[in-house]
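Engineer: Just dropping this structure here.
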Amino acid sequence: MASKTADRVPQPVLTTRALNRATLARQLLLRRAAMSAKDAVTHLVGLQAQNVKPPYVQLGARLDGFDPEELSGLMASREVGRMVTLRSTIHTHTAEDCLALRPFAQPVVESELRNFRDGLAGVDLDRLAAYSKELVEERPLPLKELKAALAERWPDGDPRSLAVAARCLLPLVQITPRGLWGRSGQVTLTTAQKWFGADSDDAAPRIAPEDAVLRYLAAFGPASVKDMQTWCRLTRLAPVFERLRDRLLTFRDENGAELFDLPDAPRPDAATPAPPRFLPEFDNLLLSHADRTRVVPLAYRGRTWSGNQSHRTFLVDGFLAGIWRLEDGGAEGDERGTLTVRAFGALTRAQRDAVAEEGERMLGSLSSATSPSYAVRFADFAG
């Protein structure tokens with residue numbers, strides 16, 4: 001009845017630019033925020049982190065005066081960690097969210113097992129989970145050693161499939177030094193409960209679906225049910241939104257899709273200036289809506305990917321405008337590297353200057369003695 005009543009009430013229309021500005025504000029990309037790295041990781045409900053450096057680039061674009069060592073210190077002290085959660089992809093989360101979001105995302109993570117069933121034929125998955133837990137809690141295991149141990153126990157199984165099953169069935173954290181700024185390390189795993197010191201005898205706290213909706217809207221709204229389902233890859237969330245309807249505002253986008261939002265969340269004027277921003281590969285800004293035209297112009301759809309690899313991107317006037325890459329120096333005695341920026345369309349001189357200034361700021365914030373390749377200069381723009 002609530003949705004039928006809502007359908008009879010005219011809902012304000014949010015233009016694409018209005019949605020863009022609202023989303024940028026939630027994503028801390030309209031202006032850099034004066035908040036701690038931990039608070040930002042919490043607000044953003046994690047940072048996608050298939051690779052090690054992207055979380056640092058994400059926060060560098062979003063936080064005023066960000067120092068990579070702040071996030072690295074949080075990881076070293078086990079206040080944040082790297083694990084598979086939303087969309088069955090690796091994210092950097094706070095310890096609290098690692099424990100709470102993994103049970104929420106578990107149905108999606110576990111669904112991956114369908115792709116590996118041939119390599120798991122005859123394997124008792126409950127026993128595999130129990131044995132894997134025993135192994136990685138006795139001491140954190142490099143992925144290669146975990147594969148070998150599981151293959152020894154189940155010699156007829158496929159080693160990769162066995163290790164994937166362990167990752168899907170257990171909340172496994174990639175422990176440090178992997179993920180630390182300026183450090184390297186192979187993927188080494190233990191359980192979230194063991195790494196973060198949680199009581200493994202208690203059920204892991206699961207974020208309530210209603211709370212997940214509210215946190216999603218705070219970081220990515222205004223948004224539709226399909227948008228949130230794209231963000232987490234869970235389905236059948238419409239009833240959760242309906243239970244929250246009386247606490248939320250509703251709008252329509254220019255195509256008529258119903259959008260939900262928090263009453264007190266920022267919705268800046270569509271004419272609000274949006275400065276350029278450099279984003280890493282797999283930034284959640286570009287992955288968390290079913291309809292991505294609020295950030296990605298239709299003409300540029302698909303241009304940020306090569307196969308299954310995401311390019312690093314940059315925004316101009318709040319929208320996707322091109323891709324970028326870093327190239328190390330060293331040629332002819334020049335130790336500086338090159339930031340190569342390729343715009344998808346023509347940029348005005350003022351836009352080029354603003355992009356260059358933002359690029360220099362991004363690179364400066366990520367420079368340190370442990371990352372000399374970030375001492376870079378700009379190459380020519382490509383049209």
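Letters A, B, ... mark the chains of the structure tokens in the order given; residue numbers begin at 1 per chain; ligand numbers begin at 1, in order shown.
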Just the alpha helix (DSSP H) stuff from region 11-102 of chain A, please, per backbone DSSP, written as a count of residues only.
Structural biologist: 44
Engineer: Need to verify the contact set: Leu30 (chain A), 12 Å, only C-alpha atoms, exclusion of same-chain residues closer than 3 positions in sequence. Can you return it as a VMD selection string?
Structural biologist: chain A and resid 20 to 27 33 61 to 64 266 to 277 315 to 319
Engineer: Can you write out the residues you just picked, keeping C-alpha atoms, as a short mmCIF file (atom, residue, chain, number, x, y, z; two decimals), in the first residue's frame?
Structural biologist:
data_model
loop_
_atom_site.label_atom_id
_atom_site.label_comp_id
_atom_site.auth_asym_id
_atom_site.auth_seq_id
_atom_site.Cartn_x
_atom_site.Cartn_y
_atom_site.Cartn_z
CA ASN A 20 26.01 13.96 -9.98
CA ARG A 21 26.56 16.71 -7.45
CA ALA A 22 24.73 14.83 -4.70
CA THR A 23 26.78 11.70 -5.32
CA LEU A 24 30.05 13.62 -5.42
CA ALA A 25 29.16 15.27 -2.12
CA ARG A 26 28.49 11.87 -0.49
CA GLN A 27 31.71 10.51 -1.98
CA ALA A 33 36.80 16.47 3.68
CA ALA A 61 41.22 12.42 -3.81
CA ARG A 62 38.77 12.74 -0.95
CA LEU A 63 40.56 13.93 2.20
CA ASP A 64 42.20 17.24 2.97
CA PRO A 266 23.51 16.80 1.08
CA ARG A 267 21.92 17.51 -2.30
CA PRO A 268 23.88 20.50 -3.63
CA ASP A 269 22.60 22.73 -6.38
CA ALA A 270 23.27 21.26 -9.81
CA ALA A 271 25.35 24.33 -10.69
CA THR A 272 27.79 23.75 -7.81
CA PRO A 273 31.35 23.72 -9.22
CA ALA A 274 33.02 20.30 -9.25
CA PRO A 275 36.85 20.35 -9.41
CA PRO A 276 38.81 17.69 -11.30
CA ARG A 277 39.62 14.52 -9.40
CA LEU A 315 36.74 13.60 -13.59
CA VAL A 316 36.15 17.02 -15.12
CA ASP A 317 33.09 19.01 -14.04
CA GLY A 318 32.08 15.99 -11.98
CA PHE A 319 31.88 13.52 -14.87
#
Engineer: Return the single residue from A:Glu79, A:Arg233, A:Leu172, A:Leu214 that is closest to Ser111 (chain A), with distances computed using only C-alpha atoms.
Structural biologist: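 Between A:Glu79, A:Arg233, A:Leu172, A:Leu214, the residue approaching Ser111 (chain A) most closely is A:Arg233.
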Engineer: Could you list, as a list in words, every residue within 8 Å of Gly322 (chain A), counting only C-alpha atoms and ignoring same-chain residues fewer than 2 positions away?
Structural biologist: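 Residues meeting the cut-off are Thr304, Thr313, Phe314, Leu315, Leu320, Trp324, Val341, Arg342, Ala343, Phe344 and Gly345 of chain A.
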Engineer: Restrict the selected residues to all heavy atoms and save them as a CSV table (one decimal), in the first residue's frame.
Structural biologist:
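Okay, this is what ended up in selection_18.csv:
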chain,number,residue,atom,x,y,z
A,304,THR,N,36.5,2.7,-19.9
A,304,THR,CA,37.4,2.7,-18.8
A,304,THR,C,37.9,1.3,-18.6
A,304,THR,O,38.6,1.0,-17.5
A,304,THR,CB,36.7,3.2,-17.5
A,304,THR,OG1,35.6,2.4,-17.2
A,304,THR,CG2,36.3,4.7,-17.7
A,313,THR,N,41.0,6.6,-13.8
A,313,THR,CA,40.2,7.6,-14.5
A,313,THR,C,40.3,9.0,-13.8
A,313,THR,O,40.9,9.1,-12.7
A,313,THR,CB,38.7,7.2,-14.4
A,313,THR,OG1,38.3,7.1,-13.0
A,313,THR,CG2,38.5,5.9,-15.1
A,314,PHE,N,39.9,10.0,-14.5
A,314,PHE,CA,39.8,11.3,-13.9
A,314,PHE,C,38.4,12.0,-14.3
A,314,PHE,O,37.8,11.7,-15.3
A,314,PHE,CB,41.0,12.2,-14.3
A,314,PHE,CG,41.0,12.6,-15.7
A,314,PHE,CD1,40.5,13.8,-16.1
A,314,PHE,CD2,41.7,11.8,-16.6
A,314,PHE,CE1,40.6,14.2,-17.5
A,314,PHE,CE2,41.8,12.2,-18.0
A,314,PHE,CZ,41.2,13.4,-18.4
A,315,LEU,N,38.0,12.9,-13.4
A,315,LEU,CA,36.7,13.6,-13.6
A,315,LEU,C,37.0,15.0,-14.0
A,315,LEU,O,37.9,15.7,-13.4
A,315,LEU,CB,35.9,13.6,-12.3
A,315,LEU,CG,35.7,12.2,-11.6
A,315,LEU,CD1,34.9,12.4,-10.3
A,315,LEU,CD2,35.0,11.2,-12.5
A,320,LEU,N,33.1,11.6,-15.7
A,320,LEU,CA,34.2,10.9,-16.3
A,320,LEU,C,34.7,11.6,-17.5
A,320,LEU,O,33.9,11.9,-18.4
A,320,LEU,CB,33.8,9.5,-16.6
A,320,LEU,CG,34.8,8.7,-17.4
A,320,LEU,CD1,36.0,8.3,-16.6
A,320,LEU,CD2,34.2,7.4,-18.0
A,324,TRP,N,44.2,7.9,-17.0
A,324,TRP,CA,45.6,8.3,-16.8
A,324,TRP,C,46.5,7.1,-16.4
A,324,TRP,O,46.0,6.1,-16.0
A,324,TRP,CB,45.6,9.4,-15.7
A,324,TRP,CG,45.1,9.0,-14.3
A,324,TRP,CD1,43.8,8.9,-13.9
A,324,TRP,CD2,45.9,8.5,-13.2
A,324,TRP,NE1,43.7,8.5,-12.6
A,324,TRP,CE2,44.9,8.2,-12.2
A,324,TRP,CE3,47.2,8.3,-13.0
A,324,TRP,CZ2,45.4,7.8,-10.9
A,324,TRP,CZ3,47.6,7.9,-11.7
A,324,TRP,CH2,46.7,7.6,-10.7
A,341,VAL,N,48.0,11.8,-19.3
A,341,VAL,CA,46.5,12.0,-19.1
A,341,VAL,C,45.9,11.9,-20.5
A,341,VAL,O,46.4,12.7,-21.4
A,341,VAL,CB,46.2,13.3,-18.5
A,341,VAL,CG1,44.7,13.5,-18.4
A,341,VAL,CG2,46.9,13.4,-17.1
A,342,ARG,N,44.9,11.1,-20.7
A,342,ARG,CA,44.3,11.0,-22.0
A,342,ARG,C,42.8,11.3,-21.9
A,342,ARG,O,42.1,10.6,-21.2
A,342,ARG,CB,44.4,9.6,-22.7
A,342,ARG,CG,43.8,9.5,-24.1
A,342,ARG,CD,44.3,8.3,-24.8
A,342,ARG,NE,43.9,7.0,-24.2
A,342,ARG,CZ,42.7,6.4,-24.4
A,342,ARG,NH1,41.9,6.9,-25.2
A,342,ARG,NH2,42.5,5.3,-23.8
A,343,ALA,N,42.4,12.5,-22.4
A,343,ALA,CA,41.0,12.9,-22.3
A,343,ALA,C,40.2,12.3,-23.4
A,343,ALA,O,40.7,12.1,-24.5
A,343,ALA,CB,40.9,14.4,-22.4
A,344,PHE,N,39.0,11.9,-23.1
A,344,PHE,CA,38.1,11.3,-24.1
A,344,PHE,C,37.6,12.3,-25.1
A,344,PHE,O,37.2,12.0,-26.2
A,344,PHE,CB,36.9,10.6,-23.5
A,344,PHE,CG,37.3,9.4,-22.7
A,344,PHE,CD1,36.6,9.0,-21.5
A,344,PHE,CD2,38.4,8.5,-23.0
A,344,PHE,CE1,37.0,7.9,-20.8
A,344,PHE,CE2,38.7,7.4,-22.3
A,344,PHE,CZ,38.0,7.1,-21.2
A,345,GLY,N,37.5,13.6,-24.6
A,345,GLY,CA,37.0,14.7,-25.5
A,345,GLY,C,37.9,15.9,-25.3
A,345,GLY,O,38.8,15.9,-24.5
Engineer: Residues of region 98-347 of chain A classed as strand (DSSP E or B) by DSSP on the backbone are to be reported as a PyMOL selection string.
Structural biologist: chain A and resi 141-142+172-174+188-191+223+249-252+258-261+277-279+305-306+309-310+312-316+319-327+337-343
Engineer: Work out how far CA of Asp118 (chain A) is from CA of Gly157 (chain A), in Å to one decimal.
Structural biologist: 8.5 Å
Engineer: Just the residues within 6 Å of region 245-257 of chain A, please, counting only C-alpha atoms, with nothing from its chain fewer than 4 positions along; format it as a ChimeraX atom specification.
Structural biologist: /A:11-15,241,261-263
Engineer: Convert the current residue selection to file output with all heavy atoms, as a PDB file, in the first residue's frame.
Structural biologist:
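The resulting result-v7.pdb:
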ATOM      1  N   GLN A  11       6.555  13.099  -7.316  1.00  0.00           N
ATOM      2  CA  GLN A  11       7.876  13.086  -6.699  1.00  0.00           C
ATOM      3  C   GLN A  11       8.794  14.042  -7.453  1.00  0.00           C
ATOM      4  O   GLN A  11       8.784  14.073  -8.683  1.00  0.00           O
ATOM      5  CB  GLN A  11       8.454  11.664  -6.709  1.00  0.00           C
ATOM      6  CG  GLN A  11       7.659  10.693  -5.839  1.00  0.00           C
ATOM      7  CD  GLN A  11       8.054   9.251  -6.089  1.00  0.00           C
ATOM      8  OE1 GLN A  11       8.025   8.794  -7.216  1.00  0.00           O
ATOM      9  NE2 GLN A  11       8.427   8.547  -5.025  1.00  0.00           N
ATOM     10  N   PRO A  12       9.572  14.832  -6.734  1.00  0.00           N
ATOM     11  CA  PRO A  12      10.497  15.751  -7.405  1.00  0.00           C
ATOM     12  C   PRO A  12      11.448  15.002  -8.331  1.00  0.00           C
ATOM     13  O   PRO A  12      11.860  13.882  -8.026  1.00  0.00           O
ATOM     14  CB  PRO A  12      11.248  16.412  -6.249  1.00  0.00           C
ATOM     15  CG  PRO A  12      10.399  16.188  -5.048  1.00  0.00           C
ATOM     16  CD  PRO A  12       9.684  14.896  -5.266  1.00  0.00           C
ATOM     17  N   VAL A  13      11.786  15.623  -9.433  1.00  0.00           N
ATOM     18  CA  VAL A  13      12.711  15.030 -10.395  1.00  0.00           C
ATOM     19  C   VAL A  13      14.108  15.592 -10.157  1.00  0.00           C
ATOM     20  O   VAL A  13      14.287  16.814 -10.047  1.00  0.00           O
ATOM     21  CB  VAL A  13      12.278  15.309 -11.845  1.00  0.00           C
ATOM     22  CG1 VAL A  13      13.338  14.816 -12.829  1.00  0.00           C
ATOM     23  CG2 VAL A  13      10.937  14.636 -12.130  1.00  0.00           C
ATOM     24  N   LEU A  14      15.078  14.701 -10.050  1.00  0.00           N
ATOM     25  CA  LEU A  14      16.479  15.098  -9.940  1.00  0.00           C
ATOM     26  C   LEU A  14      17.137  14.923 -11.303  1.00  0.00           C
ATOM     27  O   LEU A  14      17.135  13.823 -11.867  1.00  0.00           O
ATOM     28  CB  LEU A  14      17.200  14.248  -8.896  1.00  0.00           C
ATOM     29  CG  LEU A  14      16.756  14.424  -7.448  1.00  0.00           C
ATOM     30  CD1 LEU A  14      17.499  13.450  -6.545  1.00  0.00           C
ATOM     31  CD2 LEU A  14      16.987  15.855  -6.970  1.00  0.00           C
ATOM     32  N   THR A  15      17.683  15.992 -11.826  1.00  0.00           N
ATOM     33  CA  THR A  15      18.378  15.903 -13.103  1.00  0.00           C
ATOM     34  C   THR A  15      19.673  15.114 -12.936  1.00  0.00           C
ATOM     35  O   THR A  15      20.149  14.872 -11.817  1.00  0.00           O
ATOM     36  CB  THR A  15      18.704  17.301 -13.642  1.00  0.00           C
ATOM     37  OG1 THR A  15      19.661  17.914 -12.761  1.00  0.00           O
ATOM     38  CG2 THR A  15      17.456  18.162 -13.748  1.00  0.00           C
ATOM     39  N   PHE A 241      13.721  -1.523   1.407  1.00  0.00           N
ATOM     40  CA  PHE A 241      13.457  -0.113   1.128  1.00  0.00           C
ATOM     41  C   PHE A 241      12.030   0.253   1.519  1.00  0.00           C
ATOM     42  O   PHE A 241      11.784   1.348   2.039  1.00  0.00           O
ATOM     43  CB  PHE A 241      13.690   0.191  -0.356  1.00  0.00           C
ATOM     44  CG  PHE A 241      15.122   0.429  -0.715  1.00  0.00           C
ATOM     45  CD1 PHE A 241      16.003  -0.637  -0.903  1.00  0.00           C
ATOM     46  CD2 PHE A 241      15.614   1.714  -0.881  1.00  0.00           C
ATOM     47  CE1 PHE A 241      17.326  -0.424  -1.250  1.00  0.00           C
ATOM     48  CE2 PHE A 241      16.939   1.942  -1.224  1.00  0.00           C
ATOM     49  CZ  PHE A 241      17.796   0.869  -1.406  1.00  0.00           C
ATOM     50  N   ASP A 261      16.367   8.547  -0.618  1.00  0.00           N
ATOM     51  CA  ASP A 261      17.472   9.288  -0.026  1.00  0.00           C
ATOM     52  C   ASP A 261      17.195   9.602   1.429  1.00  0.00           C
ATOM     53  O   ASP A 261      16.044   9.590   1.893  1.00  0.00           O
ATOM     54  CB  ASP A 261      17.728  10.584  -0.785  1.00  0.00           C
ATOM     55  CG  ASP A 261      19.157  11.077  -0.628  1.00  0.00           C
ATOM     56  OD1 ASP A 261      19.984  10.337  -0.075  1.00  0.00           O
ATOM     57  OD2 ASP A 261      19.446  12.207  -1.066  1.00  0.00           O
ATOM     58  N   LEU A 262      18.281   9.883   2.155  1.00  0.00           N
ATOM     59  CA  LEU A 262      18.173  10.301   3.548  1.00  0.00           C
ATOM     60  C   LEU A 262      17.722  11.761   3.598  1.00  0.00           C
ATOM     61  O   LEU A 262      18.218  12.599   2.828  1.00  0.00           O
ATOM     62  CB  LEU A 262      19.531  10.163   4.239  1.00  0.00           C
ATOM     63  CG  LEU A 262      20.199   8.787   4.165  1.00  0.00           C
ATOM     64  CD1 LEU A 262      21.575   8.843   4.793  1.00  0.00           C
ATOM     65  CD2 LEU A 262      19.340   7.734   4.827  1.00  0.00           C
ATOM     66  N   PRO A 263      16.808  12.089   4.482  1.00  0.00           N
ATOM     67  CA  PRO A 263      16.294  13.470   4.526  1.00  0.00           C
ATOM     68  C   PRO A 263      17.369  14.523   4.727  1.00  0.00           C
ATOM     69  O   PRO A 263      17.309  15.592   4.128  1.00  0.00           O
ATOM     70  CB  PRO A 263      15.308  13.437   5.697  1.00  0.00           C
ATOM     71  CG  PRO A 263      14.876  12.010   5.790  1.00  0.00           C
ATOM     72  CD  PRO A 263      16.084  11.203   5.416  1.00  0.00           C
TER      73      PRO A 263
END
Engineer: What does the distance from CA of Arg303 (chain A) to CA of Leu339 (chain A) come to in Å, to one decimal?
Structural biologist: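 A separation of 19.1 Å between them.
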Engineer: Grab the CA of Ala165 (chain A) to CA of Leu189 (chain A) distance for me, in Å with one decimal place.
Structural biologist: 13.5 Å
Engineer: My list of candidates is A:Ser161, A:Ser132, A:Thr176, A:Ser365. Which is closest to Ser77 (chain A) when distances are computed with only C-alpha atoms?
Structural biologist: A:Thr176
Engineer: Set the distance at 10 Å and use only C-alpha atoms: which residues neighbour region 138-144 of chain A once local chain neighbours fewer than 2 positions away are removed? I'd like the list as a list in words.
Structural biologist: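 Counting only C-alpha atoms, the residues come to Ser132, Lys133, Glu134, Leu135, Val136, Leu146, Lys147, Ala148, Ala149, Pro159, Arg160, Ala163, Val164, Leu172, Val173, Gln174, Ile175, Gly185, Gln186, Val187, Thr188, Leu189, Thr190, Thr191, Lys194 and Trp195 of chain A.
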Engineer: Measuring atom to atom with only C-alpha atoms, identify which of A:Phe282, A:Trp305, A:Tyr300, A:Trp231 is nearest to Gln58 (chain A).
Structural biologist: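 Selected residue with least distance to Gln58 (chain A): A:Phe282.
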Engineer: At a cut-off of 8 Å, using only C-alpha atoms, what residues contact Val45 (chain A)? Leave out same-chain residues fewer than 2 positions from it and give the result as an MDAnalysis selection string.
Structural biologist: chainID A and resid 41:43 47 93 97 215:216 219
Engineer: As a PyMOL selection string, please: the residues near Cys168 (chain A) (cut-off 9 Å, only C-alpha atoms, same-chain neighbours under 6 positions excluded).
Structural biologist: chain A and resi 84+88+106+109-113
